[in-house]
$ cat input34.pdb   # PDB, C-alpha atoms, pLDDT in the B column
ATOM      1  CA  MET A   1     -71.767 -58.133-128.381  1.00 53.00           C
ATOM      2  CA  ARG A   2     -72.334 -61.889-127.810  1.00 57.00           C
ATOM      3  CA  ARG A   3     -75.965 -62.948-127.662  1.00 60.00           C
ATOM      4  CA  ALA A   4     -77.075 -64.897-124.564  1.00 60.00           C
ATOM      5  CA  PHE A   5     -78.508 -68.399-124.922  1.00 59.00           C
ATOM      6  CA  SER A   6     -82.240 -68.586-125.071  1.00 68.00           C
ATOM      7  CA  LEU A   7     -84.225 -70.881-122.788  1.00 66.00           C
ATOM      8  CA  LEU A   8     -84.994 -73.167-125.726  1.00 69.00           C
ATOM      9  CA  GLU A   9     -81.317 -73.490-126.604  1.00 65.00           C
ATOM     10  CA  LEU A  10     -80.449 -74.336-122.994  1.00 69.00           C
ATOM     11  CA  VAL A  11     -83.156 -76.998-122.864  1.00 72.00           C
ATOM     12  CA  LEU A  12     -81.988 -78.517-126.147  1.00 76.00           C
ATOM     13  CA  GLY A  13     -78.376 -78.479-124.953  1.00 71.00           C
ATOM     14  CA  MET A  14     -79.308 -80.207-121.711  1.00 79.00           C
ATOM     15  CA  ALA A  15     -81.314 -82.809-123.628  1.00 76.00           C
ATOM     16  CA  VAL A  16     -78.365 -83.581-125.901  1.00 77.00           C
ATOM     17  CA  LEU A  17     -76.037 -83.833-122.900  1.00 76.00           C
ATOM     18  CA  MET A  18     -78.423 -86.158-121.058  1.00 80.00           C
ATOM     19  CA  ALA A  19     -78.764 -88.359-124.134  1.00 76.00           C
ATOM     20  CA  PHE A  20     -74.970 -88.573-124.437  1.00 74.00           C
ATOM     21  CA  LEU A  21     -74.542 -89.438-120.751  1.00 76.00           C
ATOM     22  CA  THR A  22     -77.278 -92.074-120.963  1.00 78.00           C
ATOM     23  CA  VAL A  23     -75.671 -93.769-123.962  1.00 74.00           C
ATOM     24  CA  THR A  24     -72.265 -93.644-122.248  1.00 75.00           C
ATOM     25  CA  TYR A  25     -73.662 -95.144-119.044  1.00 70.00           C
ATOM     26  CA  PHE A  26     -75.362 -98.061-120.780  1.00 68.00           C
ATOM     27  CA  THR A  27     -72.272 -98.710-122.909  1.00 71.00           C
ATOM     28  CA  LEU A  28     -70.039 -98.857-119.832  1.00 71.00           C
ATOM     29  CA  ALA A  29     -72.557-100.975-117.914  1.00 62.00           C
ATOM     30  CA  GLN A  30     -72.721-103.442-120.803  1.00 66.00           C
ATOM     31  CA  GLY A  31     -68.928-103.580-120.877  1.00 60.00           C
ATOM     32  CA  VAL A  32     -68.735-104.295-117.150  1.00 59.00           C
ATOM     33  CA  ARG A  33     -71.324-107.075-117.486  1.00 62.00           C
ATOM     34  CA  TYR A  34     -69.384-108.559-120.395  1.00 58.00           C
ATOM     35  CA  VAL A  35     -66.143-108.585-118.391  1.00 55.00           C
ATOM     36  CA  ARG A  36     -67.890-110.237-115.444  1.00 58.00           C
ATOM     37  CA  GLU A  37     -69.416-112.880-117.695  1.00 58.00           C
ATOM     38  CA  THR A  38     -66.060-113.555-119.331  1.00 56.00           C
ATOM     39  CA  ASP A  39     -64.458-114.009-115.913  1.00 57.00           C
ATOM     40  CA  SER A  40     -67.295-116.332-114.896  1.00 57.00           C
ATOM     41  CA  TYR A  41     -66.805-118.486-117.989  1.00 61.00           C
ATOM     42  CA  ALA A  42     -63.044-118.572-117.417  1.00 65.00           C
ATOM     43  CA  TYR A  43     -63.357-119.759-113.809  1.00 67.00           C
ATOM     44  CA  PRO A  44     -64.256-123.413-114.556  1.00 68.00           C
ATOM     45  CA  GLN A  45     -61.425-123.597-117.077  1.00 77.00           C
ATOM     46  CA  LYS A  46     -58.969-122.134-114.577  1.00 83.00           C
ATOM     47  CA  GLU A  47     -59.974-124.634-111.882  1.00 83.00           C
ATOM     48  CA  GLY A  48     -59.416-127.581-114.195  1.00 87.00           C
ATOM     49  CA  ALA A  49     -56.218-126.183-115.702  1.00 89.00           C
ATOM     50  CA  VAL A  50     -54.546-125.650-112.318  1.00 91.00           C
ATOM     51  CA  LEU A  51     -55.349-129.219-111.259  1.00 93.00           C
ATOM     52  CA  LEU A  52     -54.220-130.670-114.586  1.00 93.00           C
ATOM     53  CA  ARG A  53     -50.913-128.787-114.515  1.00 93.00           C
ATOM     54  CA  LYS A  54     -50.124-129.752-110.909  1.00 94.00           C
ATOM     55  CA  LEU A  55     -50.861-133.443-111.421  1.00 95.00           C
ATOM     56  CA  SER A  56     -49.045-133.537-114.772  1.00 95.00           C
ATOM     57  CA  GLU A  57     -45.867-132.070-113.285  1.00 94.00           C
ATOM     58  CA  GLU A  58     -45.795-134.429-110.312  1.00 95.00           C
ATOM     59  CA  LEU A  59     -46.667-137.518-112.314  1.00 95.00           C
ATOM     60  CA  ALA A  60     -44.060-136.752-114.984  1.00 94.00           C
ATOM     61  CA  ASN A  61     -41.364-136.577-112.295  1.00 93.00           C
ATOM     62  CA  SER A  62     -42.442-139.834-110.692  1.00 95.00           C
ATOM     63  CA  HIS A  63     -41.269-143.344-111.600  1.00 94.00           C
ATOM     64  CA  GLU A  64     -43.065-145.695-113.951  1.00 93.00           C
ATOM     65  CA  ARG A  65     -43.030-148.426-111.317  1.00 91.00           C
ATOM     66  CA  TRP A  66     -45.801-148.652-108.760  1.00 92.00           C
ATOM     67  CA  VAL A  67     -48.072-146.122-110.441  1.00 94.00           C
ATOM     68  CA  ILE A  68     -51.430-147.477-109.300  1.00 92.00           C
ATOM     69  CA  PRO A  69     -54.818-146.213-110.559  1.00 91.00           C
ATOM     70  CA  GLY A  70     -57.776-146.350-108.208  1.00 92.00           C
ATOM     71  CA  LEU A  71     -61.303-147.622-108.644  1.00 87.00           C
ATOM     72  CA  GLU A  72     -62.952-146.470-111.879  1.00 87.00           C
ATOM     73  CA  ALA A  73     -59.742-144.539-112.685  1.00 89.00           C
ATOM     74  CA  ALA A  74     -60.917-141.746-110.359  1.00 94.00           C
ATOM     75  CA  SER A  75     -57.718-141.687-108.312  1.00 95.00           C
ATOM     76  CA  ILE A  76     -54.032-142.428-108.694  1.00 96.00           C
ATOM     77  CA  ARG A  77     -51.009-143.133-106.516  1.00 96.00           C
ATOM     78  CA  PHE A  78     -47.367-142.643-107.467  1.00 96.00           C
ATOM     79  CA  LEU A  79     -43.906-142.111-105.990  1.00 96.00           C
ATOM     80  CA  SER A  80     -42.314-138.751-105.304  1.00 95.00           C
ATOM     81  CA  ALA A  81     -38.699-137.882-104.568  1.00 93.00           C
ATOM     82  CA  GLU A  82     -39.646-134.552-103.013  1.00 90.00           C
ATOM     83  CA  GLY A  83     -39.931-133.836 -99.318  1.00 85.00           C
ATOM     84  CA  PRO A  84     -43.156-132.520 -97.744  1.00 82.00           C
ATOM     85  CA  GLU A  85     -44.962-130.180-100.145  1.00 73.00           C
ATOM     86  CA  THR A  86     -44.524-127.104 -97.959  1.00 72.00           C
ATOM     87  CA  VAL A  87     -40.806-127.706 -97.314  1.00 72.00           C
ATOM     88  CA  PRO A  88     -38.249-126.794-100.030  1.00 73.00           C
ATOM     89  CA  SER A  89     -36.161-129.844-100.929  1.00 76.00           C
ATOM     90  CA  LYS A  90     -33.870-131.219-103.599  1.00 83.00           C
ATOM     91  CA  LEU A  91     -33.361-134.617-105.165  1.00 88.00           C
ATOM     92  CA  GLU A  92     -31.217-137.053-103.243  1.00 92.00           C
ATOM     93  CA  PHE A  93     -29.339-139.997-104.724  1.00 93.00           C
ATOM     94  CA  ASN A  94     -28.061-143.292-103.384  1.00 93.00           C
ATOM     95  CA  ASN A  95     -24.277-142.972-103.063  1.00 93.00           C
ATOM     96  CA  SER A  96     -23.696-146.574-104.151  1.00 92.00           C
ATOM     97  CA  THR A  97     -26.078-146.918-107.093  1.00 91.00           C
ATOM     98  CA  GLY A  98     -26.633-143.303-108.117  1.00 91.00           C
ATOM     99  CA  ARG A  99     -30.376-143.911-108.169  1.00 93.00           C
ATOM    100  CA  ILE A 100     -32.961-141.426-106.960  1.00 94.00           C
ATOM    101  CA  ILE A 101     -34.113-141.848-103.375  1.00 95.00           C
ATOM    102  CA  TRP A 102     -37.911-141.921-103.272  1.00 95.00           C
ATOM    103  CA  LYS A 103     -39.429-140.357-100.169  1.00 94.00           C
ATOM    104  CA  LYS A 104     -43.212-140.536-100.275  1.00 95.00           C
ATOM    105  CA  TRP A 105     -46.397-141.630-101.965  1.00 96.00           C
ATOM    106  CA  VAL A 106     -48.606-138.987-103.540  1.00 96.00           C
ATOM    107  CA  SER A 107     -52.243-139.727-104.256  1.00 96.00           C
ATOM    108  CA  TYR A 108     -54.886-137.669-106.052  1.00 97.00           C
ATOM    109  CA  VAL A 109     -58.426-138.732-105.161  1.00 97.00           C
ATOM    110  CA  TRP A 110     -61.654-137.407-106.677  1.00 96.00           C
ATOM    111  CA  ASP A 111     -64.748-137.131-104.475  1.00 96.00           C
ATOM    112  CA  PRO A 112     -67.728-137.042-106.886  1.00 94.00           C
ATOM    113  CA  ALA A 113     -70.191-136.204-104.106  1.00 95.00           C
ATOM    114  CA  LYS A 114     -68.339-132.972-103.278  1.00 95.00           C
ATOM    115  CA  SER A 115     -66.822-132.333-106.733  1.00 94.00           C
ATOM    116  CA  LEU A 116     -63.387-132.068-105.116  1.00 95.00           C
ATOM    117  CA  VAL A 117     -59.977-133.513-105.920  1.00 96.00           C
ATOM    118  CA  THR A 118     -57.716-133.870-102.893  1.00 97.00           C
ATOM    119  CA  ARG A 119     -53.977-134.460-102.915  1.00 97.00           C
ATOM    120  CA  TYR A 120     -52.540-136.702-100.171  1.00 96.00           C
ATOM    121  CA  GLU A 121     -48.963-137.354 -99.057  1.00 95.00           C
ATOM    122  CA  MET A 122     -47.689-140.411 -97.196  1.00 94.00           C
ATOM    123  CA  PRO A 123     -43.992-140.746 -96.252  1.00 94.00           C
ATOM    124  CA  LEU A 124     -42.289-143.999 -97.215  1.00 93.00           C
ATOM    125  CA  SER A 125     -41.032-146.096 -94.343  1.00 88.00           C
ATOM    126  CA  PRO A 126     -38.143-146.198 -95.041  1.00 92.00           C
ATOM    127  CA  THR A 127     -37.192-144.021 -98.014  1.00 93.00           C
ATOM    128  CA  THR A 128     -35.705-146.118-100.788  1.00 94.00           C
ATOM    129  CA  SER A 129     -33.955-146.171-104.139  1.00 93.00           C
ATOM    130  CA  ASP A 130     -34.712-149.866-104.695  1.00 93.00           C
ATOM    131  CA  LEU A 131     -38.008-150.314-106.527  1.00 93.00           C
ATOM    132  CA  THR A 132     -37.773-154.045-107.219  1.00 92.00           C
ATOM    133  CA  THR A 133     -40.464-154.483-104.572  1.00 93.00           C
ATOM    134  CA  GLU A 134     -43.270-152.109-103.660  1.00 93.00           C
ATOM    135  CA  PRO A 135     -42.099-149.578-101.048  1.00 93.00           C
ATOM    136  CA  ASP A 136     -43.837-149.607 -97.681  1.00 92.00           C
ATOM    137  CA  PRO A 137     -46.517-148.771 -96.846  1.00 90.00           C
ATOM    138  CA  GLY A 138     -48.252-150.172 -99.933  1.00 89.00           C
ATOM    139  CA  THR A 139     -51.454-148.179 -99.540  1.00 91.00           C
ATOM    140  CA  LEU A 140     -53.912-148.207-102.442  1.00 93.00           C
ATOM    141  CA  PRO A 141     -55.103-144.866-103.880  1.00 94.00           C
ATOM    142  CA  ASP A 142     -58.661-145.061-102.573  1.00 94.00           C
ATOM    143  CA  GLU A 143     -57.459-145.879 -99.059  1.00 95.00           C
ATOM    144  CA  PHE A 144     -55.717-142.538 -98.546  1.00 96.00           C
ATOM    145  CA  PRO A 145     -58.868-140.588 -97.508  1.00 95.00           C
ATOM    146  CA  THR A 146     -59.562-143.146 -94.776  1.00 94.00           C
ATOM    147  CA  LEU A 147     -56.183-142.780 -93.070  1.00 94.00           C
ATOM    148  CA  PRO A 148     -55.597-140.271 -90.250  1.00 92.00           C
ATOM    149  CA  ASN A 149     -52.817-137.706 -89.962  1.00 90.00           C
ATOM    150  CA  LEU A 150     -51.906-137.571 -93.635  1.00 93.00           C
ATOM    151  CA  ARG A 151     -50.827-134.311 -95.191  1.00 93.00           C
ATOM    152  CA  LYS A 152     -53.628-133.329 -97.569  1.00 94.00           C
ATOM    153  CA  ARG A 153     -54.813-130.382 -99.620  1.00 94.00           C
ATOM    154  CA  VAL A 154     -57.744-129.722-101.940  1.00 96.00           C
ATOM    155  CA  VAL A 155     -56.263-129.075-105.388  1.00 95.00           C
ATOM    156  CA  GLY A 156     -59.448-128.963-107.471  1.00 93.00           C
ATOM    157  CA  ARG A 157     -62.950-127.640-106.841  1.00 91.00           C
ATOM    158  CA  ASN A 158     -66.066-127.910-108.999  1.00 91.00           C
ATOM    159  CA  ILE A 159     -64.564-131.024-110.625  1.00 93.00           C
ATOM    160  CA  VAL A 160     -67.447-133.124-111.965  1.00 94.00           C
ATOM    161  CA  ASP A 161     -65.310-135.764-113.675  1.00 94.00           C
ATOM    162  CA  PHE A 162     -61.752-136.977-113.162  1.00 95.00           C
ATOM    163  CA  LYS A 163     -60.034-139.857-114.921  1.00 94.00           C
ATOM    164  CA  VAL A 164     -56.473-141.178-115.043  1.00 94.00           C
ATOM    165  CA  VAL A 165     -56.034-143.953-117.605  1.00 93.00           C
ATOM    166  CA  PRO A 166     -52.862-145.727-118.828  1.00 92.00           C
ATOM    167  CA  SER A 167     -52.363-144.868-122.494  1.00 90.00           C
ATOM    168  CA  GLY A 168     -49.055-146.459-123.435  1.00 85.00           C
ATOM    169  CA  THR A 169     -45.633-147.341-122.108  1.00 86.00           C
ATOM    170  CA  SER A 170     -44.948-145.054-119.142  1.00 90.00           C
ATOM    171  CA  GLN A 171     -47.868-142.845-120.165  1.00 93.00           C
ATOM    172  CA  GLN A 172     -51.039-141.764-118.406  1.00 94.00           C
ATOM    173  CA  THR A 173     -53.896-139.780-119.935  1.00 95.00           C
ATOM    174  CA  LEU A 174     -55.523-137.315-117.557  1.00 95.00           C
ATOM    175  CA  THR A 175     -59.049-136.018-118.122  1.00 95.00           C
ATOM    176  CA  VAL A 176     -60.503-133.258-115.951  1.00 94.00           C
ATOM    177  CA  THR A 177     -63.997-131.796-116.301  1.00 93.00           C
ATOM    178  CA  SER A 178     -64.952-128.744-114.264  1.00 91.00           C
ATOM    179  CA  GLU A 179     -68.368-127.119-114.040  1.00 87.00           C
ATOM    180  CA  LYS A 180     -69.728-123.953-112.487  1.00 81.00           C
ATOM    181  CA  GLN A 181     -72.998-122.028-112.544  1.00 75.00           C
ATOM    182  CA  VAL A 182     -72.419-118.563-113.983  1.00 69.00           C
ATOM    183  CA  PRO A 183     -74.670-115.548-114.626  1.00 65.00           C
ATOM    184  CA  VAL A 184     -75.446-114.837-118.277  1.00 59.00           C
ATOM    185  CA  SER A 185     -77.081-111.419-118.167  1.00 52.00           C
ATOM    186  CA  THR A 186     -77.166-110.897-121.925  1.00 54.00           C
ATOM    187  CA  ARG A 187     -79.352-113.972-122.319  1.00 52.00           C
ATOM    188  CA  GLY A 188     -81.702-113.375-119.450  1.00 55.00           C
ATOM    189  CA  THR A 189     -81.618-113.597-115.700  1.00 58.00           C
ATOM    190  CA  LYS A 190     -81.354-117.379-115.398  1.00 69.00           C
ATOM    191  CA  PRO A 191     -77.786-118.580-114.617  1.00 69.00           C
ATOM    192  CA  GLU A 192     -76.160-121.093-116.920  1.00 74.00           C
ATOM    193  CA  ARG A 193     -73.982-124.075-116.037  1.00 77.00           C
ATOM    194  CA  VAL A 194     -70.681-123.994-117.893  1.00 80.00           C
ATOM    195  CA  ARG A 195     -68.718-127.235-118.286  1.00 85.00           C
ATOM    196  CA  VAL A 196     -65.125-127.416-119.511  1.00 87.00           C
ATOM    197  CA  THR A 197     -63.202-130.634-120.235  1.00 91.00           C
ATOM    198  CA  MET A 198     -59.410-130.708-120.536  1.00 92.00           C
ATOM    199  CA  GLN A 199     -57.085-133.591-121.293  1.00 93.00           C
ATOM    200  CA  ALA A 200     -53.343-134.191-121.183  1.00 93.00           C
ATOM    201  CA  THR A 201     -51.099-137.174-121.820  1.00 94.00           C
ATOM    202  CA  VAL A 202     -48.192-137.415-119.389  1.00 94.00           C
ATOM    203  CA  VAL A 203     -44.970-139.287-120.089  1.00 94.00           C
ATOM    204  CA  ILE A 204     -43.292-140.438-116.876  1.00 94.00           C
ATOM    205  CA  LEU A 205     -39.643-139.443-117.109  1.00 90.00           C
ATOM    206  CA  ASN A 206     -38.062-141.933-114.702  1.00 89.00           C
ATOM    207  CA  GLN A 207     -38.161-145.379-116.259  1.00 85.00           C
ATOM    208  CA  ASP A 208     -36.404-148.693-115.825  1.00 78.00           C
ATOM    209  CA  PRO A 209     -33.386-149.101-118.119  1.00 68.00           C
TER     210      PRO A 209
END
$ encode --input "input34.pdb" --output "structure tokens"
Amino acid sequence: MRRAFSLLELVLGMAVLMAFLTVTYFTLAQGVRYVRETDSYAYPQKEGAVLLRKLSEELANSHERWVIPGLEAASIRFLSAEGPETVPSKLEFNNSTGRIIWKKWVSYVWDPAKSLVTRYEMPLSPTTSDLTTEPDPGTLPDEFPTLPNLRKRVVGRNIVDFKVVPSGTSQQTLTVTSEKQVPVSTRGTKPERVRVTMQATVVILNQDP
């Protein structure tokens, strides 16, 4: 006949179970905090990486002519052969010369006061494949934010530094620094500011022969 558990055995069993559950809870809680911290650290890097990739792709597909940096290299203007950003389009070519038809200016402008980078579009008037002279309108990069009715979109937040500097023939070096305050629970309750700097050198594909 099986002997019943004594009161002492039940108490000891409950104590062991409670100890196990407590250890499990704190282990899981620590894991959740670690995942949250990792995500927080990754956020500034993601912000900068998305901006860097977008600008690199557009600049690489531009033309080496009429790429104009702004004041203190904190903005840039270049040509684009695409239609409006939200409208699917394809490259068009001049039937006589076979050259690409350029359709708009694109400008990226950093606002240090708001830590934002905004992308602007301005249609050329008219579109052109002839780049011997600057296409109209010849707006400078830092003038884009002052003009009404332009298509614009914020493409980078928490950007504390932004530079576009010529670095060779048909090359531009892009530097993006993003920063965000993140919680660091394993080091105390005080949040920490995380800063990430990324850099890329872009070769502009369309060049004069």
$ resolve_selection --input "input34.pdb" --expression "the PyMOL selection byres ((chain A and resi 154) around 9)" --output "number ranges by chain"
A: 116-120, 152-153, 155-157
$ resolve_selection --input "input34.pdb" --expression "the PyMOL selection byres ((chain A and resi 126) around 9)" --output "VMD selection string"
chain A and resid 103 123 to 125 127 to 128 135 to 137
$ resolve_selection --input "input34.pdb" --expression "the PyMOL selection byres ((chain A and resi 55-57) around 9)" --output "count of residues only"
16
$ residues_around --input "input34.pdb" --residues "Ala74 of chain A" --least-positions-apart "5" --cutoff "6 Å" --atoms "only C-alpha atoms" --output "PyMOL selection string"
chain A and resi 110+162-163
$ residues_around --input "input34.pdb" --residues "Thr177 of chain A" --least-positions-apart "3" --cutoff "8 Å" --atoms "all atoms listed in the file" --output "PDB file with C-alpha atoms, in the coordinates of the input"
ATOM      1  CA  GLY A  48     -59.416-127.581-114.195  1.00 87.00           C
ATOM      2  CA  ILE A 159     -64.564-131.024-110.625  1.00 93.00           C
ATOM      3  CA  VAL A 160     -67.447-133.124-111.965  1.00 94.00           C
ATOM      4  CA  ASP A 161     -65.310-135.764-113.675  1.00 94.00           C
ATOM      5  CA  PHE A 162     -61.752-136.977-113.162  1.00 95.00           C
ATOM      6  CA  ARG A 195     -68.718-127.235-118.286  1.00 85.00           C
ATOM      7  CA  VAL A 196     -65.125-127.416-119.511  1.00 87.00           C
ATOM      8  CA  THR A 197     -63.202-130.634-120.235  1.00 91.00           C
ATOM      9  CA  MET A 198     -59.410-130.708-120.536  1.00 92.00           C
TER      10      MET A 198
END
$ atom_distance --input "input34.pdb" --atom1 "atom CA of Arg65 of chain A" --atom2 "atom CA of Thr86 of chain A"
25.2 Å
$ axis_aligned_box --input "input34.pdb" --around "segment 144-147 of chain A" --padding-each-side "8 Å" --output "lines of an AutoDock Vina configuration file"
center_x = -57.6
center_y = -141.9
center_z = -95.8
size_x = 19.8
size_y = 18.6
size_z = 21.5
$ closest_atom_pairs --input "input34.pdb" --of "segment 31-113 of chain A" --to "segment 164-169 of chain A" --cutoff "10 Å" --atoms "only C-alpha atoms" --output "JSON lines"
{"residue": "A:Glu64", "atom": "CA", "partner": "A:Thr169", "partner_atom": "CA", "distance": 8.7}
{"residue": "A:Val67", "atom": "CA", "partner": "A:Pro166", "partner_atom": "CA", "distance": 9.7}
{"residue": "A:Ile68", "atom": "CA", "partner": "A:Pro166", "partner_atom": "CA", "distance": 9.8}
{"residue": "A:Pro69", "atom": "CA", "partner": "A:Val164", "partner_atom": "CA", "distance": 6.9}
{"residue": "A:Gly70", "atom": "CA", "partner": "A:Val164", "partner_atom": "CA", "distance": 8.7}
{"residue": "A:Glu72", "atom": "CA", "partner": "A:Val164", "partner_atom": "CA", "distance": 8.9}
{"residue": "A:Ala73", "atom": "CA", "partner": "A:Val164", "partner_atom": "CA", "distance": 5.2}
{"residue": "A:Ala74", "atom": "CA", "partner": "A:Val164", "partner_atom": "CA", "distance": 6.5}
{"residue": "A:Ser75", "atom": "CA", "partner": "A:Val164", "partner_atom": "CA", "distance": 6.9}
{"residue": "A:Ile76", "atom": "CA", "partner": "A:Val164", "partner_atom": "CA", "distance": 6.9}
{"residue": "A:Tyr108", "atom": "CA", "partner": "A:Val164", "partner_atom": "CA", "distance": 9.8}
$ write_last_selection --input "input34.pdb" --atoms "C-alpha atoms" --output "tab-separated table (two decimals), keeping the file's coordinate frame"
chain	number	residue	atom	x	y	z
A	64	GLU	CA	-43.06	-145.70	-113.95
A	67	VAL	CA	-48.07	-146.12	-110.44
A	68	ILE	CA	-51.43	-147.48	-109.30
A	69	PRO	CA	-54.82	-146.21	-110.56
A	70	GLY	CA	-57.78	-146.35	-108.21
A	72	GLU	CA	-62.95	-146.47	-111.88
A	73	ALA	CA	-59.74	-144.54	-112.68
A	74	ALA	CA	-60.92	-141.75	-110.36
A	75	SER	CA	-57.72	-141.69	-108.31
A	76	ILE	CA	-54.03	-142.43	-108.69
A	108	TYR	CA	-54.89	-137.67	-106.05
$ closest_residue --input "input34.pdb" --among "A:Ile100, A:Leu28, A:Met122, A:Ala49" --to "Asn149 of chain A" --atoms "all atoms listed in the file"
A:Met122
$ atom_distance --input "input34.pdb" --atom1 "atom CA of Asn158 of chain A" --atom2 "atom CA of Ser178 of chain A"
5.4 Å
$ atom_distance --input "input34.pdb" --atom1 "atom CA of Glu85 of chain A" --atom2 "atom CA of Trp105 of chain A"
11.7 Å
$ closest_residue --input "input34.pdb" --among "A:Gln199, A:Asn94, A:Leu150, A:Ser115" --to "Thr175 of chain A" --atoms "all atoms listed in the file"
A:Gln199
$ decode --input "input34.pdb" --residues "segment 166-173 of chain A" --atoms "all heavy atoms" --output "PDB file, in the first residue's frame"
ATOM      1  N   PRO A 166      32.193  65.360 -52.205  1.00  0.00           N
ATOM      2  CA  PRO A 166      32.850  64.756 -53.374  1.00  0.00           C
ATOM      3  C   PRO A 166      34.139  64.057 -52.950  1.00  0.00           C
ATOM      4  O   PRO A 166      34.920  64.589 -52.159  1.00  0.00           O
ATOM      5  CB  PRO A 166      33.137  65.959 -54.278  1.00  0.00           C
ATOM      6  CG  PRO A 166      32.178  67.019 -53.831  1.00  0.00           C
ATOM      7  CD  PRO A 166      31.999  66.816 -52.363  1.00  0.00           C
ATOM      8  N   SER A 167      34.361  62.853 -53.496  1.00  0.00           N
ATOM      9  CA  SER A 167      35.536  62.088 -53.070  1.00  0.00           C
ATOM     10  C   SER A 167      36.303  61.500 -54.249  1.00  0.00           C
ATOM     11  O   SER A 167      37.071  60.561 -54.079  1.00  0.00           O
ATOM     12  CB  SER A 167      35.104  60.962 -52.123  1.00  0.00           C
ATOM     13  OG  SER A 167      34.115  60.148 -52.724  1.00  0.00           O
ATOM     14  N   GLY A 168      36.074  62.028 -55.428  1.00  0.00           N
ATOM     15  CA  GLY A 168      36.769  61.525 -56.609  1.00  0.00           C
ATOM     16  C   GLY A 168      35.925  61.771 -57.838  1.00  0.00           C
ATOM     17  O   GLY A 168      34.841  62.359 -57.769  1.00  0.00           O
ATOM     18  N   THR A 169      36.414  61.307 -58.978  1.00  0.00           N
ATOM     19  CA  THR A 169      35.681  61.485 -60.222  1.00  0.00           C
ATOM     20  C   THR A 169      34.356  60.736 -60.162  1.00  0.00           C
ATOM     21  O   THR A 169      34.330  59.519 -59.974  1.00  0.00           O
ATOM     22  CB  THR A 169      36.512  60.970 -61.408  1.00  0.00           C
ATOM     23  OG1 THR A 169      37.774  61.640 -61.420  1.00  0.00           O
ATOM     24  CG2 THR A 169      35.789  61.217 -62.716  1.00  0.00           C
ATOM     25  N   SER A 170      33.276  61.482 -60.281  1.00  0.00           N
ATOM     26  CA  SER A 170      31.919  60.904 -60.264  1.00  0.00           C
ATOM     27  C   SER A 170      31.636  60.126 -58.984  1.00  0.00           C
ATOM     28  O   SER A 170      30.877  59.159 -58.986  1.00  0.00           O
ATOM     29  CB  SER A 170      31.706  59.991 -61.483  1.00  0.00           C
ATOM     30  OG  SER A 170      31.909  60.704 -62.678  1.00  0.00           O
ATOM     31  N   GLN A 171      32.241  60.545 -57.884  1.00  0.00           N
ATOM     32  CA  GLN A 171      32.034  59.867 -56.608  1.00  0.00           C
ATOM     33  C   GLN A 171      31.614  60.861 -55.530  1.00  0.00           C
ATOM     34  O   GLN A 171      32.075  62.002 -55.513  1.00  0.00           O
ATOM     35  CB  GLN A 171      33.303  59.142 -56.148  1.00  0.00           C
ATOM     36  CG  GLN A 171      33.683  57.948 -56.995  1.00  0.00           C
ATOM     37  CD  GLN A 171      34.869  57.199 -56.406  1.00  0.00           C
ATOM     38  OE1 GLN A 171      35.425  57.591 -55.377  1.00  0.00           O
ATOM     39  NE2 GLN A 171      35.265  56.117 -57.044  1.00  0.00           N
ATOM     40  N   GLN A 172      30.748  60.391 -54.652  1.00  0.00           N
ATOM     41  CA  GLN A 172      30.332  61.171 -53.491  1.00  0.00           C
ATOM     42  C   GLN A 172      30.403  60.261 -52.267  1.00  0.00           C
ATOM     43  O   GLN A 172      29.972  59.106 -52.320  1.00  0.00           O
ATOM     44  CB  GLN A 172      28.895  61.687 -53.655  1.00  0.00           C
ATOM     45  CG  GLN A 172      28.667  62.585 -54.854  1.00  0.00           C
ATOM     46  CD  GLN A 172      29.170  63.995 -54.637  1.00  0.00           C
ATOM     47  OE1 GLN A 172      29.261  64.470 -53.508  1.00  0.00           O
ATOM     48  NE2 GLN A 172      29.482  64.688 -55.723  1.00  0.00           N
ATOM     49  N   THR A 173      30.948  60.790 -51.177  1.00  0.00           N
ATOM     50  CA  THR A 173      30.988  60.034 -49.925  1.00  0.00           C
ATOM     51  C   THR A 173      29.888  60.543 -49.002  1.00  0.00           C
ATOM     52  O   THR A 173      29.820  61.735 -48.704  1.00  0.00           O
ATOM     53  CB  THR A 173      32.357  60.158 -49.241  1.00  0.00           C
ATOM     54  OG1 THR A 173      33.347  59.544 -50.077  1.00  0.00           O
ATOM     55  CG2 THR A 173      32.353  59.441 -47.892  1.00  0.00           C
TER      56      THR A 173
END
